[in-house]
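Novice: Dropping in work.pdb, with PDB, C-alpha atoms.
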ATOM      1  CA  MET A 382     125.039 115.675 100.316
ATOM      2  CA  THR A 383     123.711 113.128 102.815
ATOM      3  CA  MET A 384     124.760 115.031 105.929
ATOM      4  CA  ASP A 385     122.547 117.178 108.089
ATOM      5  CA  ARG A 386     122.876 120.934 108.098
ATOM      6  CA  ARG A 387     124.891 121.267 111.293
ATOM      7  CA  THR A 388     127.371 118.674 110.116
ATOM      8  CA  PHE A 389     127.981 120.193 106.735
ATOM      9  CA  MET A 390     128.252 123.666 108.203
ATOM     10  CA  ASN A 391     131.040 122.532 110.398
ATOM     11  CA  SER A 392     133.296 121.004 107.247
ATOM     12  CA  LEU A 393     117.332 145.198 107.396
ATOM     13  CA  ALA A 394     115.709 149.454 107.807
ATOM     14  CA  VAL A 395     117.024 149.603 104.264
ATOM     15  CA  SER A 396     115.369 149.089 100.932
ATOM     16  CA  ALA A 397     116.336 146.871  98.086
ATOM     17  CA  GLY A 398     114.452 144.779  95.583
ATOM     18  CA  ALA A 399     115.291 141.570  93.809
ATOM     19  CA  ALA A 400     117.917 143.031  91.534
ATOM     20  CA  PHE A 401     118.070 140.088  89.184
ATOM     21  CA  LEU A 402     114.390 140.364  88.208
ATOM     22  CA  PRO A 403     112.431 143.116  86.443
ATOM     23  CA  GLU A 404     110.438 145.223  88.883
ATOM     24  CA  THR A 405     107.156 144.049  87.392
ATOM     25  CA  GLU A 406     107.875 140.424  88.190
ATOM     26  CA  SER A 407     107.974 138.711  91.546
ATOM     27  CA  ILE A 408     110.201 135.881  92.661
ATOM     28  CA  ALA A 409     107.193 133.876  93.817
ATOM     29  CA  ALA A 410     105.507 134.253  90.431
ATOM     30  CA  THR A 411     108.697 133.289  88.625
ATOM     31  CA  PHE A 412     109.608 130.197  90.662
ATOM     32  CA  PRO A 413     107.389 127.359  91.902
ATOM     33  CA  ILE A 414     107.180 126.556  95.609
ATOM     34  CA  SER A 415     110.431 124.848  96.526
ATOM     35  CA  CYS A 416     111.525 122.559  99.350
ATOM     36  CA  ASN A 417     114.846 122.368 101.147
ATOM     37  CA  GLN A 418     116.575 119.022 101.525
ATOM     38  CA  TYR A 419     116.914 119.395 105.305
ATOM     39  CA  SER A 420     113.276 118.595 106.026
ATOM     40  CA  TRP A 421     113.662 115.351 104.083
ATOM     41  CA  ILE A 422     116.843 114.539 106.010
ATOM     42  CA  THR A 423     114.914 114.745 109.295
ATOM     43  CA  PHE A 424     112.072 112.520 108.071
ATOM     44  CA  TYR A 425     114.489 109.962 106.670
ATOM     45  CA  GLU A 426     116.559 109.940 109.874
ATOM     46  CA  ARG A 427     113.426 109.278 111.928
ATOM     47  CA  ASP A 428     112.765 106.209 109.758
ATOM     48  CA  GLY A 429     116.369 105.017 109.932
ATOM     49  CA  LYS A 430     117.114 106.005 106.344
ATOM     50  CA  ASP A 431     119.785 108.185 104.746
ATOM     51  CA  TRP A 432     118.545 110.960 102.471
ATOM     52  CA  GLY A 433     120.665 111.115  99.342
ATOM     53  CA  ALA A 434     122.393 107.763  99.839
ATOM     54  CA  ASN A 435     120.516 106.769  96.713
ATOM     55  CA  LEU A 436     120.016 110.113  95.033
ATOM     56  CA  ASP A 437     117.724 108.762  92.338
ATOM     57  CA  ALA A 438     115.395 107.066  94.836
ATOM     58  CA  SER A 439     115.359 110.113  97.117
ATOM     59  CA  LEU A 440     114.488 112.570  94.338
ATOM     60  CA  LYS A 441     111.886 110.180  92.932
ATOM     61  CA  GLU A 442     110.057 110.348  96.281
ATOM     62  CA  PHE A 443     110.521 114.118  96.354
ATOM     63  CA  ALA A 444     108.966 114.513  92.912
ATOM     64  CA  SER A 445     106.086 112.175  93.782
ATOM     65  CA  THR A 446     104.710 114.820  96.163
ATOM     66  CA  GLY A 447     104.055 117.264  93.331
ATOM     67  CA  LEU A 448     106.936 119.531  94.313
ATOM     68  CA  LYS A 449     108.636 121.050  91.261
ATOM     69  CA  ALA A 450     111.609 122.836  92.827
ATOM     70  CA  TYR A 451     114.395 121.662  95.105
ATOM     71  CA  GLU A 452     116.792 123.586  97.365
ATOM     72  CA  PRO A 453     119.796 121.345  98.097
ATOM     73  CA  ALA A 454     122.751 122.078 100.345
ATOM     74  CA  PHE A 455     126.224 122.023  98.845
ATOM     75  CA  THR A 456     129.614 121.991 100.533
ATOM     76  CA  GLN A 457     131.728 121.759  97.378
ATOM     77  CA  ALA A 458     131.349 122.292  93.643
ATOM     78  CA  SER A 459     131.820 118.617  92.745
ATOM     79  CA  GLU A 460     128.463 117.797  94.344
ATOM     80  CA  VAL A 461     126.608 119.923  91.791
ATOM     81  CA  GLY A 462     127.431 117.752  88.799
ATOM     82  CA  LYS A 463     126.185 114.630  90.580
ATOM     83  CA  LEU A 464     122.805 116.203  91.263
ATOM     84  CA  LEU A 465     122.002 117.869  87.929
ATOM     85  CA  PRO A 466     121.169 114.742  85.884
ATOM     86  CA  VAL A 467     118.825 113.480  88.608
ATOM     87  CA  LEU A 468     117.002 116.809  88.741
ATOM     88  CA  LYS A 469     116.604 116.697  84.969
ATOM     89  CA  LYS A 470     115.268 113.134  85.113
ATOM     90  CA  TYR A 471     112.480 114.162  87.485
ATOM     91  CA  ASN A 472     111.827 117.578  85.887
ATOM     92  CA  LEU A 473     112.876 119.481  88.997
ATOM     93  CA  VAL A 474     114.223 123.015  88.925
ATOM     94  CA  MET A 475     116.697 124.547  91.375
ATOM     95  CA  PRO A 476     116.035 128.297  91.761
ATOM     96  CA  SER A 477     118.033 128.442  95.004
ATOM     97  CA  VAL A 478     120.699 126.504  96.874
ATOM     98  CA  TYR A 479     122.030 126.534 100.428
ATOM     99  CA  VAL A 480     125.796 126.708 100.846
ATOM    100  CA  ASN A 481     128.287 126.524 103.655
ATOM    101  CA  SER A 482     130.402 129.545 104.609
ATOM    102  CA  SER A 483     132.801 130.596 107.348
ATOM    103  CA  LEU A 484     133.365 134.339 107.201
ATOM    104  CA  HIS A 485     134.380 135.672 110.627
ATOM    105  CA  LYS A 486     138.120 134.921 110.225
ATOM    106  CA  ALA A 487     140.050 136.408 107.324
ATOM    107  CA  ASP A 488     141.983 133.259 106.366
ATOM    108  CA  GLU A 489     138.930 131.002 106.536
ATOM    109  CA  ALA A 490     136.818 133.551 104.688
ATOM    110  CA  THR A 491     139.072 133.622 101.641
ATOM    111  CA  LYS A 492     138.803 129.855 101.236
ATOM    112  CA  SER A 493     135.084 129.897 101.953
ATOM    113  CA  ILE A 494     134.324 132.610  99.422
ATOM    114  CA  ASP A 495     136.326 130.763  96.772
ATOM    115  CA  SER A 496     134.367 127.588  97.538
ATOM    116  CA  VAL A 497     130.980 129.316  97.290
ATOM    117  CA  LEU A 498     131.943 130.967  94.008
ATOM    118  CA  ALA A 499     133.088 127.626  92.594
ATOM    119  CA  ILE A 500     129.670 126.210  93.493
ATOM    120  CA  ALA A 501     128.000 129.219  91.866
ATOM    121  CA  ASP A 502     129.982 128.691  88.674
ATOM    122  CA  ALA A 503     129.020 125.007  88.616
ATOM    123  CA  LEU A 504     125.354 126.043  88.814
ATOM    124  CA  LYS A 505     125.411 128.066  85.581
ATOM    125  CA  PRO A 506     123.800 125.299  83.479
ATOM    126  CA  VAL A 507     120.625 125.372  85.593
ATOM    127  CA  ASP A 508     120.342 129.153  86.011
ATOM    128  CA  THR A 509     120.122 129.115  89.808
ATOM    129  CA  LYS A 510     119.345 132.647  91.006
ATOM    130  CA  ILE A 511     119.632 132.643  94.818
ATOM    131  CA  ILE A 512     122.557 131.476  96.938
ATOM    132  CA  VAL A 513     121.528 131.157 100.589
ATOM    133  CA  THR A 514     124.263 131.147 103.216
ATOM    134  CA  ASN A 515     124.297 130.991 106.998
ATOM    135  CA  PRO A 516     127.799 131.944 108.173
ATOM    136  CA  ASN A 517     129.119 129.469 110.716
ATOM    137  CA  PRO A 518     128.928 130.339 114.425
ATOM    138  CA  LEU A 519     132.002 129.986 116.604
ATOM    139  CA  LYS A 520     130.752 126.518 117.540
ATOM    140  CA  TRP A 521     127.512 124.772 116.667
ATOM    141  CA  GLY A 522     125.628 124.242 119.901
ATOM    142  CA  GLY A 523     128.041 126.462 121.819
ATOM    143  CA  SER A 524     127.220 129.472 123.960
ATOM    144  CA  GLU A 525     129.968 131.835 122.785
ATOM    145  CA  ASN A 526     129.102 134.836 120.651
ATOM    146  CA  LYS A 527     131.338 136.467 118.060
ATOM    147  CA  ASN A 528     133.126 139.601 119.242
ATOM    148  CA  ASP A 529     132.938 142.948 117.475
ATOM    149  CA  ALA A 530     136.063 142.349 115.388
ATOM    150  CA  GLU A 531     134.702 139.011 114.184
ATOM    151  CA  LEU A 532     131.338 140.544 113.341
ATOM    152  CA  ALA A 533     133.005 143.324 111.361
ATOM    153  CA  GLU A 534     135.153 140.803 109.480
ATOM    154  CA  GLN A 535     132.143 138.633 108.727
ATOM    155  CA  ALA A 536     130.063 141.541 107.414
ATOM    156  CA  LYS A 537     132.915 142.662 105.176
ATOM    157  CA  ASN A 538     133.267 139.185 103.713
ATOM    158  CA  LEU A 539     129.522 138.673 103.372
ATOM    159  CA  ASP A 540     129.338 141.861 101.335
ATOM    160  CA  LYS A 541     132.303 140.776  99.215
ATOM    161  CA  LEU A 542     130.662 137.430  98.498
ATOM    162  CA  GLY A 543     127.402 139.139  97.576
ATOM    163  CA  ALA A 544     129.181 141.501  95.192
ATOM    164  CA  GLU A 545     130.920 138.601  93.452
ATOM    165  CA  LEU A 546     127.672 136.653  93.100
ATOM    166  CA  LYS A 547     125.952 139.735  91.712
ATOM    167  CA  LYS A 548     128.545 139.796  88.912
ATOM    168  CA  ARG A 549     127.394 136.262  88.089
ATOM    169  CA  GLY A 550     123.735 137.276  87.944
ATOM    170  CA  MET A 551     122.976 135.711  91.304
ATOM    171  CA  THR A 552     121.637 137.046  94.580
ATOM    172  CA  LEU A 553     123.150 136.298  97.992
ATOM    173  CA  ALA A 554     120.549 135.714 100.703
ATOM    174  CA  TYR A 555     121.727 135.875 104.321
ATOM    175  CA  HIS A 556     120.165 133.171 106.523
ATOM    176  CA  THR A 557     120.152 132.699 110.293
ATOM    177  CA  HIS A 558     119.314 130.142 112.924
ATOM    178  CA  ASP A 559     118.710 131.137 116.552
ATOM    179  CA  VAL A 560     122.304 131.894 117.594
ATOM    180  CA  GLU A 561     122.370 135.154 115.607
ATOM    181  CA  LEU A 562     119.469 136.453 117.690
ATOM    182  CA  ARG A 563     121.420 136.282 120.960
ATOM    183  CA  ALA A 564     122.932 139.342 122.673
ATOM    184  CA  ALA A 565     120.365 141.838 121.410
ATOM    185  CA  ALA A 566     120.510 140.159 117.977
ATOM    186  CA  ARG A 567     123.765 142.025 117.350
ATOM    187  CA  GLU A 568     125.031 139.523 114.778
ATOM    188  CA  PHE A 569     121.786 139.515 112.833
ATOM    189  CA  HIS A 570     121.451 143.296 112.736
ATOM    190  CA  HIS A 571     125.093 143.968 111.933
ATOM    191  CA  MET A 572     125.082 141.624 108.930
ATOM    192  CA  LEU A 573     122.279 143.666 107.400
ATOM    193  CA  LEU A 574     123.253 147.149 108.541
ATOM    194  CA  ALA A 575     126.944 146.813 107.645
ATOM    195  CA  THR A 576     126.407 145.372 104.167
ATOM    196  CA  ASP A 577     125.282 146.947 100.912
ATOM    197  CA  PRO A 578     121.598 146.128 100.281
ATOM    198  CA  ASP A 579     122.464 145.680  96.611
ATOM    199  CA  ASN A 580     124.875 142.888  97.566
ATOM    200  CA  VAL A 581     123.291 141.132 100.535
ATOM    201  CA  PHE A 582     119.621 140.216 100.727
ATOM    202  CA  LEU A 583     117.727 138.208 103.343
ATOM    203  CA  CYS A 584     116.441 134.662 103.426
ATOM    204  CA  LEU A 585     114.016 134.980 106.309
ATOM    205  CA  ASP A 586     113.850 131.653 108.104
ATOM    206  CA  VAL A 587     110.603 132.536 109.782
ATOM    207  CA  HIS A 588     110.584 129.979 112.572
ATOM    208  CA  TRP A 589     114.265 130.341 113.535
ATOM    209  CA  VAL A 590     113.716 134.079 113.992
ATOM    210  CA  TYR A 591     110.560 133.337 115.989
ATOM    211  CA  ARG A 592     112.312 130.733 118.171
ATOM    212  CA  GLY A 593     115.543 132.690 118.491
ATOM    213  CA  SER A 594     113.651 135.650 119.908
ATOM    214  CA  GLY A 595     111.917 133.557 122.564
ATOM    215  CA  ASN A 596     108.920 132.473 120.462
ATOM    216  CA  SER A 597     107.994 136.079 119.768
ATOM    217  CA  GLN A 598     105.825 137.172 116.875
ATOM    218  CA  ILE A 599     106.456 140.756 117.967
ATOM    219  CA  ALA A 600     110.167 140.297 117.290
ATOM    220  CA  LEU A 601     109.481 138.465 114.038
ATOM    221  CA  PHE A 602     107.258 141.189 112.635
ATOM    222  CA  ASP A 603     109.584 143.933 113.866
ATOM    223  CA  ILE A 604     112.329 142.310 111.797
ATOM    224  CA  VAL A 605     110.016 142.169 108.802
ATOM    225  CA  LYS A 606     109.240 145.847 109.295
ATOM    226  CA  LEU A 607     112.938 146.715 109.494
ATOM    227  CA  TYR A 608     114.302 144.539 106.695
ATOM    228  CA  GLY A 609     111.301 143.395 104.679
ATOM    229  CA  LYS A 610     112.467 145.047 101.467
ATOM    230  CA  ARG A 611     115.553 142.839 101.522
ATOM    231  CA  ILE A 612     113.659 139.556 101.819
ATOM    232  CA  VAL A 613     114.087 137.518  98.638
ATOM    233  CA  GLU A 614     113.317 134.110 100.132
ATOM    234  CA  LEU A 615     111.272 132.616 102.957
ATOM    235  CA  HIS A 616     112.025 129.337 104.709
ATOM    236  CA  LEU A 617     108.665 128.021 105.853
ATOM    237  CA  ARG A 618     108.150 126.020 109.033
ATOM    238  CA  GLN A 619     105.389 125.859 111.629
ATOM    239  CA  SER A 620     105.085 124.793 115.253
ATOM    240  CA  LYS A 621     102.269 124.273 117.711
ATOM    241  CA  GLY A 622     103.024 124.970 121.356
ATOM    242  CA  GLY A 623     106.630 125.633 120.290
ATOM    243  CA  ILE A 624     107.073 122.124 118.796
ATOM    244  CA  TRP A 625     107.778 121.601 115.099
ATOM    245  CA  GLN A 626     104.891 119.802 113.427
ATOM    246  CA  GLU A 627     105.011 117.163 110.720
ATOM    247  CA  SER A 628     103.276 119.345 108.173
ATOM    248  CA  PHE A 629     102.986 123.046 107.396
ATOM    249  CA  SER A 630      99.647 124.316 108.682
ATOM    250  CA  ASP A 631      98.065 126.859 111.003
ATOM    251  CA  GLY A 632      99.965 127.122 114.274
ATOM    252  CA  ASP A 633     102.097 129.423 116.406
ATOM    253  CA  ILE A 634     103.145 131.743 113.578
ATOM    254  CA  ASP A 635     100.499 133.786 111.778
ATOM    255  CA  TYR A 636     101.567 133.222 108.171
ATOM    256  CA  ARG A 637      98.475 134.949 106.828
ATOM    257  CA  ARG A 638      99.574 138.088 108.604
ATOM    258  CA  LEU A 639     103.057 137.632 107.143
ATOM    259  CA  VAL A 640     101.605 137.432 103.628
ATOM    260  CA  THR A 641      99.522 140.555 104.188
ATOM    261  CA  THR A 642     102.502 142.442 105.623
ATOM    262  CA  LEU A 643     104.849 141.542 102.772
ATOM    263  CA  LYS A 644     102.210 142.220 100.122
ATOM    264  CA  ALA A 645     101.762 145.716 101.557
ATOM    265  CA  MET A 646     105.511 146.202 101.113
ATOM    266  CA  ASN A 647     105.330 144.858  97.537
ATOM    267  CA  VAL A 648     107.688 142.030  98.509
ATOM    268  CA  ASN A 649     107.051 138.647  96.875
ATOM    269  CA  PRO A 650     109.823 136.265  97.956
ATOM    270  CA  HIS A 651     110.787 132.825  96.740
ATOM    271  CA  LEU A 652     109.002 130.245  98.901
ATOM    272  CA  VAL A 653     110.931 127.285 100.292
ATOM    273  CA  LEU A 654     109.301 124.681 102.512
ATOM    274  CA  GLU A 655     111.424 123.427 105.387
ATOM    275  CA  GLN A 656     108.992 121.682 107.723
ATOM    276  CA  CYS A 657     111.545 119.735 109.760
ATOM    277  CA  LEU A 658     111.182 117.295 112.611
ATOM    278  CA  GLU A 659     112.650 117.440 116.109
ATOM    279  CA  LYS A 660     112.593 114.823 118.884
ATOM    280  CA  THR A 661     109.240 115.954 120.249
ATOM    281  CA  SER A 662     107.482 116.270 116.865
ATOM    282  CA  PRO A 663     104.386 114.118 116.267
ATOM    283  CA  LYS A 664     104.782 110.880 114.316
ATOM    284  CA  THR A 665     101.690 110.241 112.226
ATOM    285  CA  MET A 666     102.836 110.286 108.590
ATOM    286  CA  ASP A 667     105.798 109.639 106.321
ATOM    287  CA  ALA A 668     107.822 112.178 104.356
ATOM    288  CA  VAL A 669     105.786 111.921 101.162
ATOM    289  CA  ALA A 670     102.432 112.358 102.884
ATOM    290  CA  ALA A 671     103.735 115.256 104.982
ATOM    291  CA  HIS A 672     105.196 117.113 102.015
ATOM    292  CA  LYS A 673     102.011 116.685 100.000
ATOM    293  CA  LYS A 674     100.177 118.412 102.854
ATOM    294  CA  ASP A 675     102.885 121.099 103.009
ATOM    295  CA  LEU A 676     102.469 121.844  99.333
ATOM    296  CA  ALA A 677      98.677 121.998  99.464
ATOM    297  CA  TYR A 678      98.616 124.325 102.472
ATOM    298  CA  SER A 679     101.327 126.650 101.162
ATOM    299  CA  ALA A 680      99.672 126.845  97.733
ATOM    300  CA  GLU A 681      96.547 128.142  99.485
ATOM    301  CA  ILE A 682      98.277 130.544 101.873
ATOM    302  CA  PHE A 683     100.482 132.060  99.174
ATOM    303  CA  LYS A 684      98.079 131.768  96.240
ATOM    304  CA  ASP A 685      98.196 135.481  95.447
ATOM    305  CA  TRP A 686     101.965 135.243  94.821
ATOM    306  CA  LEU A 687     101.870 132.212  92.584
ATOM    307  CA  LYS A 688     100.967 131.745  88.949
TER     308      LYS A 688
END
With the file now loaded, output its structure as structure tokens.

Specialist:
Amino acid sequence: MTMDRRTFMNSLAVSAGAAFLPETESIAATFPISCNQYSWITFYERDGKDWGANLDASLKEFASTGLKAYEPAFTQASEVGKLLPVLKKYNLVMPSVYVNSSLHKADEATKSIDSVLAIADALKPVDTKIIVTNPNPLKWGGSENKNDAELAEQAKNLDKLGAELKKRGMTLAYHTHDVELRAAAREFHHMLLATDPDNVFLCLDVHWVYRGSGNSQIALFDIVKLYGKRIVELHLRQSKGGIWQESFSDGDIDYRRLVTTLKAMNVNPHLVLEQCLEKTSPKTMDAVAAHKKDLAYSAEIFKDWLK
């Protein structure tokens, strides 16, 4: 649980609502604003620290920001039990989690699905509702794209995983980085068009879609138009001049327009902050100060969705 996302990942024109919630409720109104562990990993790495090396100390800092919900990344079920008592100590809830999967090869997919389901079963005591997964590329950082057979296999297995999670009262949310937007975004589109909208929903990582399409808001909002009804979660990140900023604020992506667009579609997704750092990001504040600003800004932008 101390590794970054790329490391641990190595080891929609259809309509569907949030099936696990009554139609009169929204995910945003049900869950508080959450934050993914990856943003904390990047801040800690910049300061020469290891997020999660001391889980109690890490989550104490997390809770000190006022955040009430945490989205961790799991690679195996045994990690869940180590985290639960610390979450309880700091009164943190875990509406969603991010899990590893490899689904484009049949033999790997069987093992991967079993692993994700074991994690899901371990999460029963805390009533986690959303499992976010980003199926592995052929190689992280590589230039190769999956072929048609691999895309078909991956979609089949993604749908199977979603169906199994649905039986457990959970929702599978498909997540992407930039690689899925290559080659006419064929991987991204096929995962949504070749799966049952009752089984596979969308975690829209807003900035990865924006960056993966060449820093295009046109592409971003076209995707929202096509698949907005399948969005059950947003990963929230902002840049200025294409560079990730330390805190979530006004910038390259028009989040107010995104709110207006989704509200018009009656879509109220779970909100997960993921304001990460990259090499060229500014360095003016620490993780706690940055996440306090993230929370304040997002509470204002998304106020109509929150209790």

Novice: Running the PyMOL selection byres ((chain A and resi 644) around 12) on this model by hand, what would come out? Give it as a PDB file with C-alpha atoms, in the frame of the given file.

Specialist:
ATOM      1  CA  SER A 407     107.974 138.711  91.546  1.00  0.00           C
ATOM      2  CA  ALA A 409     107.193 133.876  93.817  1.00  0.00           C
ATOM      3  CA  VAL A 605     110.016 142.169 108.802  1.00  0.00           C
ATOM      4  CA  GLY A 609     111.301 143.395 104.679  1.00  0.00           C
ATOM      5  CA  LYS A 610     112.467 145.047 101.467  1.00  0.00           C
ATOM      6  CA  ILE A 612     113.659 139.556 101.819  1.00  0.00           C
ATOM      7  CA  ARG A 637      98.475 134.949 106.828  1.00  0.00           C
ATOM      8  CA  ARG A 638      99.574 138.088 108.604  1.00  0.00           C
ATOM      9  CA  LEU A 639     103.057 137.632 107.143  1.00  0.00           C
ATOM     10  CA  VAL A 640     101.605 137.432 103.628  1.00  0.00           C
ATOM     11  CA  THR A 641      99.522 140.555 104.188  1.00  0.00           C
ATOM     12  CA  THR A 642     102.502 142.442 105.623  1.00  0.00           C
ATOM     13  CA  LEU A 643     104.849 141.542 102.772  1.00  0.00           C
ATOM     14  CA  ALA A 645     101.762 145.716 101.557  1.00  0.00           C
ATOM     15  CA  MET A 646     105.511 146.202 101.113  1.00  0.00           C
ATOM     16  CA  ASN A 647     105.330 144.858  97.537  1.00  0.00           C
ATOM     17  CA  VAL A 648     107.688 142.030  98.509  1.00  0.00           C
ATOM     18  CA  ASN A 649     107.051 138.647  96.875  1.00  0.00           C
ATOM     19  CA  PRO A 650     109.823 136.265  97.956  1.00  0.00           C
ATOM     20  CA  PHE A 683     100.482 132.060  99.174  1.00  0.00           C
ATOM     21  CA  LYS A 684      98.079 131.768  96.240  1.00  0.00           C
ATOM     22  CA  ASP A 685      98.196 135.481  95.447  1.00  0.00           C
ATOM     23  CA  TRP A 686     101.965 135.243  94.821  1.00  0.00           C
TER      24      TRP A 686
END

Novice: If we count all atoms listed in the file and set the cut-off at 12 Å, which residues sit around Leu504 (chain A), ignoring sequence neighbours fewer than 6 positions away in its own chain? Please answer as JSON, numbers by chain.

Specialist: {"A": [453, 455, 457, 458, 459, 460, 461, 462, 463, 464, 465, 474, 475, 476, 477, 478, 497, 498, 510, 511, 512, 546, 549, 550, 551]}

Novice: Please expand the PyMOL selection byres ((chain A and resi 633) around 10) into the concrete residues it hits in this file, giving the result as a ChimeraX atom specification.

Specialist: /A:588,591,596-598,619-625,630-632,634-636

Novice: At what distance in Å, to one decimal, does CA of Leu652 (chain A) lie from CA of Glu614 (chain A)?

Specialist: 5.9 Å

Novice: What would the list of residues within 12 Å of (129.7, 129.2, 113.2) (file frame) look like as a ChimeraX atom specification, if all atoms listed in the file are what count?

Specialist: /A:386-392,481-486,489-490,514-527,531-532,535,557-561,568

Novice: Can you spell out as a tab-separated table (two decimals) with C-alpha atoms, in the frame of the given file the set of residues that the PyMOL selection byres ((chain A and resi 611) around 12) selects in the structure I just provided?

Specialist:
chain	number	residue	atom	x	y	z
A	393	LEU	CA	117.33	145.20	107.40
A	394	ALA	CA	115.71	149.45	107.81
A	395	VAL	CA	117.02	149.60	104.26
A	396	SER	CA	115.37	149.09	100.93
A	397	ALA	CA	116.34	146.87	98.09
A	398	GLY	CA	114.45	144.78	95.58
A	399	ALA	CA	115.29	141.57	93.81
A	400	ALA	CA	117.92	143.03	91.53
A	552	THR	CA	121.64	137.05	94.58
A	553	LEU	CA	123.15	136.30	97.99
A	554	ALA	CA	120.55	135.71	100.70
A	555	TYR	CA	121.73	135.88	104.32
A	556	HIS	CA	120.16	133.17	106.52
A	573	LEU	CA	122.28	143.67	107.40
A	574	LEU	CA	123.25	147.15	108.54
A	576	THR	CA	126.41	145.37	104.17
A	577	ASP	CA	125.28	146.95	100.91
A	578	PRO	CA	121.60	146.13	100.28
A	579	ASP	CA	122.46	145.68	96.61
A	580	ASN	CA	124.88	142.89	97.57
A	581	VAL	CA	123.29	141.13	100.54
A	582	PHE	CA	119.62	140.22	100.73
A	583	LEU	CA	117.73	138.21	103.34
A	584	CYS	CA	116.44	134.66	103.43
A	585	LEU	CA	114.02	134.98	106.31
A	604	ILE	CA	112.33	142.31	111.80
A	605	VAL	CA	110.02	142.17	108.80
A	606	LYS	CA	109.24	145.85	109.30
A	607	LEU	CA	112.94	146.72	109.49
A	608	TYR	CA	114.30	144.54	106.70
A	609	GLY	CA	111.30	143.40	104.68
A	610	LYS	CA	112.47	145.05	101.47
A	612	ILE	CA	113.66	139.56	101.82
A	613	VAL	CA	114.09	137.52	98.64
A	614	GLU	CA	113.32	134.11	100.13
A	615	LEU	CA	111.27	132.62	102.96
A	643	LEU	CA	104.85	141.54	102.77
A	646	MET	CA	105.51	146.20	101.11
A	647	ASN	CA	105.33	144.86	97.54
A	648	VAL	CA	107.69	142.03	98.51
A	649	ASN	CA	107.05	138.65	96.88
A	650	PRO	CA	109.82	136.26	97.96

Novice: For a test of reading the model, state the distance in Å between CA of Arg563 (chain A) and CA of Ser628 (chain A), rounded to one decimal.

Specialist: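 Taking CA of Arg563 (chain A) and CA of Ser628 (chain A), their separation equals 27.9 Å.
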
Novice: If I wrap all listed atoms of region 665-675 of chain A in a box with edges along x, y and z and add 5 Å on each side, what are its centre and edge lengths in Å to one decimal, as lines of an AutoDock Vina configuration file?

Specialist:
center_x = 104.0
center_y = 115.4
center_z = 106.1
size_x = 17.6
size_y = 21.5
size_z = 22.2

Novice: Between A:Lys541, A:Thr509, A:Lys492, A:Ser415, which has the minimum distance to Glu452 (chain A) (counting only C-alpha atoms)?

Specialist: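 Checking each of A:Lys541, A:Thr509, A:Lys492, A:Ser415 against Glu452 (chain A), counting only C-alpha atoms, the winner is A:Ser415.
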
Novice: Pick out the closest residue to Leu539 (chain A) from this set: A:Gln626, A:Ser493, A:Thr411, A:Ser420. Count all atoms listed in the file.

Specialist: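 When distances to Leu539 (chain A) are compared using all atoms listed in the file, the smallest one comes from A:Ser493.
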
Novice: Quick one: distance from CA of Ala444 (chain A) to CA of Tyr471 (chain A) in Å, one decimal?

Specialist: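 Those two atoms sit 6.5 Å apart.
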
Novice: Could you check the closest approach to Leu676 (chain A) for each of A:Asn528, A:Thr456, A:Ser445, A:Asn472 and tell me which residue wins, using all atoms listed in the file?

Specialist: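 Ranked by minimum distance to Leu676 (chain A), first place goes to A:Ser445.
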
Novice: Select, from A:Asp586, A:Glu426, A:Asp431, A:Asp488, the residue with the minimum atom-to-atom distance to Val653 (chain A), counting all atoms listed in the file.

Specialist: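 Using all atoms listed in the file, the shortest distance to Val653 (chain A) belongs to A:Asp586.
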
Novice: Name the closest residue to Ile682 (chain A) among the candidates A:Ala438, A:Ile414, A:Leu542, A:Val480; distances are taken between atoms, counting all atoms listed in the file.

Specialist: A:Ile414

Novice: Show me, as JSON, numbers by chain, the residues that have an atom within 10 Å of Asp437 (chain A) when counting all atoms listed in the file, minus same-chain residues fewer than 5 positions from it.

Specialist: {"A": [442, 443, 464, 466, 467, 468, 470, 471]}

Novice: Select all residues near (115.5, 115.3, 109.4) (cut-off 10 Å, inclusive, file coordinates), counting only C-alpha atoms, and output them as a PyMOL selection string.

Specialist: chain A and resi 384-386+418-428+430-432+655-660+668
